[in-house]
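Chemist: Shown below is the structure under consideration.
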2 protein chains.
Amino acid sequence: MNFCDRLRARWQRAGSMLCVGLDPDAGRLPAHLAERPDGIARFCTEIVDATAPFACAFKPQIAYFAAAGAERQLEIVIAHIRDRHPDIPVVLDAKRGDIGSTAALYAREAFERYGADAVTVNPYLGFDSIEPFLAWPQHGVILLCRTSNPGGADLQGQRLADGEALYERVARLAAGPWNTSGQLGLVVGATFPAELARVRAIVGDLPLLVPGIGAQGGDVEASVAAGMASDGFGMMINSSRAILYAGRGEDFAAAAGVAARDTLAAIRAAQQRARPGF
Amino acid sequence: MNFCDRLRARWQRAGSMLCVGLDPDAGRLPAHLAERPDGIARFCTEIVDATAPFACAFKPQIAYFAAAGAERQLEIVIAHIRDRHPDIPVVLDAKRGDIGSTAALYAREAFERYGADAVTVNPYLGFDSIEPFLAWPQHGVILLCRTSNPGGADLQGQRLADGEALYERVARLAAGPWNTSGQLGLVVGATFPAELARVRAIVGDLPLLVPGIGAQGGDVEASVAAGMASDGFGMMINSSRAILYAGRGEDFAAAAGVAARDTLAAIRAAQQRARPGF
């Protein structure tokens with residue numbers, strides 16, 4: 001099964017569109033882990049085990065590991081997920097993007113070194129910068145389309161000469177000529193539900209990674225209504241900080257599990273309201 | 001002195017616009033280094049010492065280190081440059097780009113962990129994704145504008161509703177409202193001299209990083225004529241593979257030095273042809 005098949009299987013089996021983001025801020029670890037050399041990995045693996053029943057995917061954000069020189073701990077976290085929760089795909093959030101020969105190395109970094117199932121990629125360099133990732137047929141490539149930050153509009157929201165916004169062009173390319181092997185998905189922020197609906201209208205059932213609920217202010221109800229695919233799923237709705245830092249004591253993992261369960265309940269309620277009888 | 005001041009000082013003192021790209025392909029190291037655990041770092045530091053007299057900047061490409069799990073060797077290479085060649089700025093080619101809180105971590109990765117003087121950044125996420133890098137006032141931020149790959153045109157070459165191409169819009173923003181503190185530069189490929197000239201016309205004397213001569217087919221003469229600033233400098237014209245792999249034996253560093261000297265001579269000849277009496 002390739003990434004998209006595995007993701008669809010997980011949506012159905014777990015009944016979940018919740019993606020748990022692993023953004024381990026070294027300054028916010030529980031006190032009993034903060035001083036341990038493997039504190040970041042311990043924090044993440046305990047979060048993973050507590051939230052796995054509610055998750056359709058895990059999304060480690062590589063910057064948190066890289067800024068701390070903790071690449072080895074990222075390897076450990078992903079290996080743990082693949083070992084203990086083999087049916088939950090891992091999306092490495094790295095937003096890589098470079099010309100072909102270098103992009104091929106970033107694909108190796110994500111898929112071979114770290115063992116991720118999918119990676120986020122920045123489309124600004126065009127299709128020949130995306131193609132090297134597609135040489136890994138079992139893996140997914142999630143292109144930035146409309147990001148969750150206000151400044152995303154600076155370029156992504158610009159109108160092209162034919163009237164299409166730049167993010168709409170990216171969506172159309174990703175659902176059509178660029179999606180040569182069914183490996184592509186898109187990042188569309190929960191903070192802009194109208195644009196999320198617009199992307200969904202363009203891309204059919206393409207998988208969407210939807211960051212921005214919780215700390216960034218995106219609304220679960222509006223996101224689900226705007227972004228649901230024809231089977232009632234179709235999204236990885238990401239929450240990071242609201243789950244990771246739900247507790248700060250030794251029971252942080254249990255608190256994260258409760259937060260994940262509650263977030264999933266909100267997503268499912270929104271699915272049912274958007275499609276009665278779901 | 002901030003990054004742009006240091007770069008200008010180096011252009012003048014060395015009379016050089018040659019940037020030496022450090023892309024240490026593990027499969028192309030000389031045999032006597034290939035099996036050493038510190039082979040990548042040794043390769044790069046010997047290249048650095050041999051090419052320093054001819055270089056205005058060094059540009060390590062982080063993907064080559066990351067794919068090999070060689071972050072520690074990248075730290076060593078940059079520390080070596082700062083120690084032995086303190087007047088030559090280091091541009092970390094990482095093409096990072098993420099929302100604010102994560103961008104701040106990428107800035108720490110580049111400037112604090114690795115000690116780079118500047119970093120390449122992808123502008124697709126807009127100004128609020130660039131701002132966290134500008135919180136490091138001594139450092140430079142080189143935004144992707146028109147990359148050297150053909151596919152760069154897929155998005156960068158698209159016309160906006162007002163007739164401007166997307167890469168021209170990025171150039172105008174980088175030279176104007178986004179350049180709040182004089183820390184910005186732009187990446188414009190040598191493979192498209194007409195677009196390089198267009199960017200230079202938009203941005204005045206903003207520093208340009210110009211990849212794509214040598215193995216990628218860009219022409220030194222055309223690039224210098226198109227991209228020279230008012231003082232006759234203004235560019236970091238990057239060559240990687242043609243210098244790094246000029247020799248493959250134990251004398252690889254000497255061969256790299258000769259290649260760098262010859263490339264610089266070609267750049268200087270082009271400067272003189274573009275501006276007689278220079």
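Here, A, B, ... name the chains of the structure tokens in the order displayed, residue numbers run from 1 inside each chain, and ligands are numbered from 1 in the same displayed order.
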List the spatial neighbours of Trp136 of chain B as a list in words - criterion: any atom at most 10 Å away, only C-alpha atoms, same-chain residues fewer than 2 positions off excluded.

Modeler: Asn2, Ala104, Ala107, Arg108, Phe111, Glu112, Asp117, Ala118, Glu131, Pro132, Phe133, Leu134, Gln138, His139, Gly140, Val141 and Gln183 of chain B

Chemist: Selection from above, N, CA and C atoms, as a CSV table (one decimal), in the first residue's frame, can you write it?

Modeler:
```csv
chain,number,residue,atom,x,y,z
B,2,ASN,N,27.3,44.0,9.6
B,2,ASN,CA,26.3,43.0,9.3
B,2,ASN,C,26.7,42.2,8.1
B,104,ALA,N,11.3,30.8,13.5
B,104,ALA,CA,12.3,31.2,14.5
B,104,ALA,C,13.3,30.1,14.9
B,107,ALA,N,15.8,29.8,12.1
B,107,ALA,CA,16.8,30.8,12.3
B,107,ALA,C,17.9,30.4,13.3
B,108,ARG,N,17.4,29.8,14.4
B,108,ARG,CA,18.3,29.3,15.4
B,108,ARG,C,19.2,28.2,14.9
B,111,PHE,N,21.8,30.1,12.4
B,111,PHE,CA,22.7,31.1,12.9
B,111,PHE,C,23.4,30.8,14.2
B,112,GLU,N,22.6,30.0,15.0
B,112,GLU,CA,23.2,29.7,16.3
B,112,GLU,C,23.9,28.4,16.3
B,117,ASP,N,26.5,32.9,8.5
B,117,ASP,CA,26.3,34.4,8.4
B,117,ASP,C,25.0,34.7,7.7
B,118,ALA,N,24.5,33.8,6.8
B,118,ALA,CA,23.3,34.1,6.1
B,118,ALA,C,22.7,32.7,5.8
B,131,GLU,N,10.2,37.3,8.7
B,131,GLU,CA,10.5,38.3,9.8
B,131,GLU,C,11.3,37.6,10.9
B,132,PRO,N,11.0,36.4,11.3
B,132,PRO,CA,11.8,35.8,12.4
B,132,PRO,C,13.3,35.7,12.1
B,133,PHE,N,13.7,35.6,10.9
B,133,PHE,CA,15.1,35.6,10.5
B,133,PHE,C,15.7,36.9,10.7
B,134,LEU,N,14.9,38.0,10.5
B,134,LEU,CA,15.4,39.4,10.6
B,134,LEU,C,15.6,39.8,12.0
B,138,GLN,N,22.6,40.8,12.6
B,138,GLN,CA,23.9,40.7,12.0
B,138,GLN,C,23.9,39.7,10.8
B,139,HIS,N,22.8,39.1,10.5
B,139,HIS,CA,22.8,38.0,9.6
B,139,HIS,C,22.0,38.4,8.3
B,140,GLY,N,22.3,37.6,7.3
B,140,GLY,CA,21.6,37.9,6.0
B,140,GLY,C,20.6,36.8,5.7
B,141,VAL,N,19.6,37.2,4.9
B,141,VAL,CA,18.5,36.3,4.5
B,141,VAL,C,18.3,36.4,3.0
B,183,GLN,N,18.8,43.5,5.4
B,183,GLN,CA,19.4,42.1,5.6
B,183,GLN,C,19.1,41.2,4.4
```

Chemist: Do a neighbour search on segment 263-268 of chain A at 9 Å with only C-alpha atoms, toss out local chain neighbours closer than 4 positions, and write the hits as a list in words.

Modeler: Gly15, Ser16, Met17, Leu18, Phe54, Ala55, Val220, Glu221, Val224, Ile237, Ser239, Ile243, Val258, Ala259, Gln272, Arg273 and Phe278 of chain A

Chemist: Let me make sure I understand: among B:Glu75, B:Asp231, B:Asp25, B:Asp128, which one has the smallest atom-to-atom distance to chain A if we use only C-alpha atoms?

Modeler: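 Checking each candidate against chain A, we get B:Asp128 as the closest.
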
Chemist: Produce a table with one row for each residue of chain A that has an atom at most 6 Å from any atom of chain B, each row naming the nearest atom pair and its distance in Å at one decimal; use only C-alpha atoms; arrange rows by chain and rising residue number; format as JSON lines.

Modeler:
```
{"residue": "A:Ala63", "atom": "CA", "partner": "B:Tyr106", "partner_atom": "CA", "distance": 5.8}
{"residue": "A:Ala67", "atom": "CA", "partner": "B:Glu109", "partner_atom": "CA", "distance": 4.4}
{"residue": "A:Leu105", "atom": "CA", "partner": "B:Ala67", "partner_atom": "CA", "distance": 5.6}
{"residue": "A:Tyr106", "atom": "CA", "partner": "B:Ala63", "partner_atom": "CA", "distance": 5.8}
{"residue": "A:Arg108", "atom": "CA", "partner": "B:Ala67", "partner_atom": "CA", "distance": 5.9}
{"residue": "A:Glu109", "atom": "CA", "partner": "B:Ala67", "partner_atom": "CA", "distance": 4.4}
{"residue": "A:Leu125", "atom": "CA", "partner": "B:Gly152", "partner_atom": "CA", "distance": 4.6}
{"residue": "A:Gly126", "atom": "CA", "partner": "B:Gly151", "partner_atom": "CA", "distance": 4.7}
{"residue": "A:Phe127", "atom": "CA", "partner": "B:Gly151", "partner_atom": "CA", "distance": 5.7}
{"residue": "A:Asp128", "atom": "CA", "partner": "B:Gly151", "partner_atom": "CA", "distance": 5.2}
{"residue": "A:Gly151", "atom": "CA", "partner": "B:Gly126", "partner_atom": "CA", "distance": 4.7}
{"residue": "A:Gly152", "atom": "CA", "partner": "B:Leu125", "partner_atom": "CA", "distance": 4.6}
{"residue": "A:Asp154", "atom": "CA", "partner": "B:Gly126", "partner_atom": "CA", "distance": 5.1}
{"residue": "A:Arg159", "atom": "CA", "partner": "B:Ala161", "partner_atom": "CA", "distance": 5.6}
{"residue": "A:Leu160", "atom": "CA", "partner": "B:Leu160", "partner_atom": "CA", "distance": 4.0}
{"residue": "A:Ala161", "atom": "CA", "partner": "B:Ala161", "partner_atom": "CA", "distance": 4.1}
```

Chemist: From the DSSP assignment of the backbone, select every residue of segment 140-255 of chain A that is helix (DSSP H, G or I), and format the answer as a VMD selection string.

Modeler: chain A and resid 150 to 156 166 to 175 193 to 203 214 to 216 220 to 227 241 to 244 252 to 255

Chemist: In Å, with one decimal, what is the gap from atom CA of Pro89 of chain B to atom CA of Pro193 of chain B?

Modeler: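 Computing it gives 25.1 Å between the two atoms.
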
Chemist: Might you pull out every residue within 12 Å of Pro37 of chain A, with only C-alpha atoms counted and same-chain residues fewer than 3 positions away left off, and present them as a compact mmCIF listing (two decimals) with C-alpha atoms, in the first residue's frame?

Modeler:
```txt
# COMPACT_ATOMS: atom_id res chain seq x y z
CA ALA A 26 12.72 22.10 24.47
CA HIS A 32 11.28 15.44 34.87
CA LEU A 33 12.24 15.15 31.17
CA ALA A 34 13.82 18.56 30.56
CA ILE A 40 12.75 15.11 23.52
CA ALA A 41 12.43 11.51 22.32
CA ARG A 42 10.89 10.35 25.60
CA PHE A 43 8.41 13.21 25.52
CA ALA A 68 18.23 21.42 19.28
CA GLY A 69 20.70 19.24 17.37
CA ALA A 70 18.37 16.33 18.09
CA ARG A 72 19.00 11.21 16.43
CA GLN A 73 15.99 11.68 18.69
```

Chemist: For Ala50 of chain A, list every protein, DNA or RNA residue within 9 Å, evaluated using only C-alpha atoms, and leave out those in the same chain fewer than 6 positions away; present the list as a ChimeraX atom specification.

Modeler: /A:253-258,260

Chemist: Contacts of Ala79 of chain A at 9 Å or less, counting only C-alpha atoms, minus same-chain residues fewer than 5 places along, as a PDB file with N, CA and C atoms, in the first residue's frame?

Modeler:
```pdb
ATOM      1  N   LEU A  74      14.866  12.382  16.639  1.00  0.00           N
ATOM      2  CA  LEU A  74      13.797  12.296  15.627  1.00  0.00           C
ATOM      3  C   LEU A  74      13.777  10.907  14.990  1.00  0.00           C
ATOM      4  N   ARG A  84       5.602   0.424  16.948  1.00  0.00           N
ATOM      5  CA  ARG A  84       4.468   0.208  17.844  1.00  0.00           C
ATOM      6  C   ARG A  84       3.103   0.499  17.212  1.00  0.00           C
ATOM      7  N   TYR A 114      15.049   9.076   7.929  1.00  0.00           N
ATOM      8  CA  TYR A 114      14.072   9.180   9.012  1.00  0.00           C
ATOM      9  C   TYR A 114      12.963   8.134   8.921  1.00  0.00           C
ATOM     10  N   GLY A 115      12.757   7.562   7.748  1.00  0.00           N
ATOM     11  CA  GLY A 115      11.713   6.548   7.622  1.00  0.00           C
ATOM     12  C   GLY A 115      10.304   7.105   7.648  1.00  0.00           C
ATOM     13  N   ALA A 116      10.133   8.364   7.249  1.00  0.00           N
ATOM     14  CA  ALA A 116       8.788   8.940   7.197  1.00  0.00           C
ATOM     15  C   ALA A 116       8.002   8.348   6.029  1.00  0.00           C
TER      16      ALA A 116
END
```

Chemist: Based on DSSP run over this structure's backbone, return all residues of segment 106-135 of chain A in strand (DSSP E), as a count of residues only.

Modeler: 4

Chemist: How many Å lie between atom CA of Met235 of chain A and atom CA of Ser181 of chain A, rounded to one decimal?

Modeler: 19.4 Å

Chemist: So the first atom is atom CA of Ile213 of chain B and the second is atom CA of Pro60 of chain B; what is the distance between them in Å, to one decimal place?

Modeler: 16.4 Å

Chemist: Pro276 of chain A: which residues within 12 Å, counting only C-alpha atoms, same-chain residues fewer than 5 positions away excluded, as a compact mmCIF listing (two decimals) with N, CA and C atoms, in the first residue's frame?

Modeler:
```
# COMPACT_ATOMS: atom_id res chain seq x y z
N ALA A 225 -16.51 21.24 7.72
CA ALA A 225 -17.55 21.54 6.73
C ALA A 225 -16.92 21.93 5.39
N GLY A 232 -16.47 11.48 3.47
CA GLY A 232 -16.62 12.00 4.83
C GLY A 232 -15.29 12.21 5.54
N ARG A 268 -15.42 14.57 14.99
CA ARG A 268 -16.49 13.62 14.60
C ARG A 268 -17.87 14.27 14.70
N ALA A 269 -18.05 15.09 15.72
CA ALA A 269 -19.33 15.80 15.83
C ALA A 269 -19.52 16.72 14.63
N ALA A 270 -18.44 17.37 14.22
CA ALA A 270 -18.53 18.27 13.06
C ALA A 270 -18.82 17.47 11.79
N GLN A 271 -18.22 16.29 11.68
CA GLN A 271 -18.51 15.43 10.52
C GLN A 271 -19.99 15.08 10.48
```

Chemist: Go through B:Arg82, B:Arg198, B:Arg275, B:Arg28 and flag the residue nearest Gly249 of chain B, using only C-alpha atoms for the distances.

Modeler: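 Closest residue, counting only C-alpha atoms: B:Arg28.
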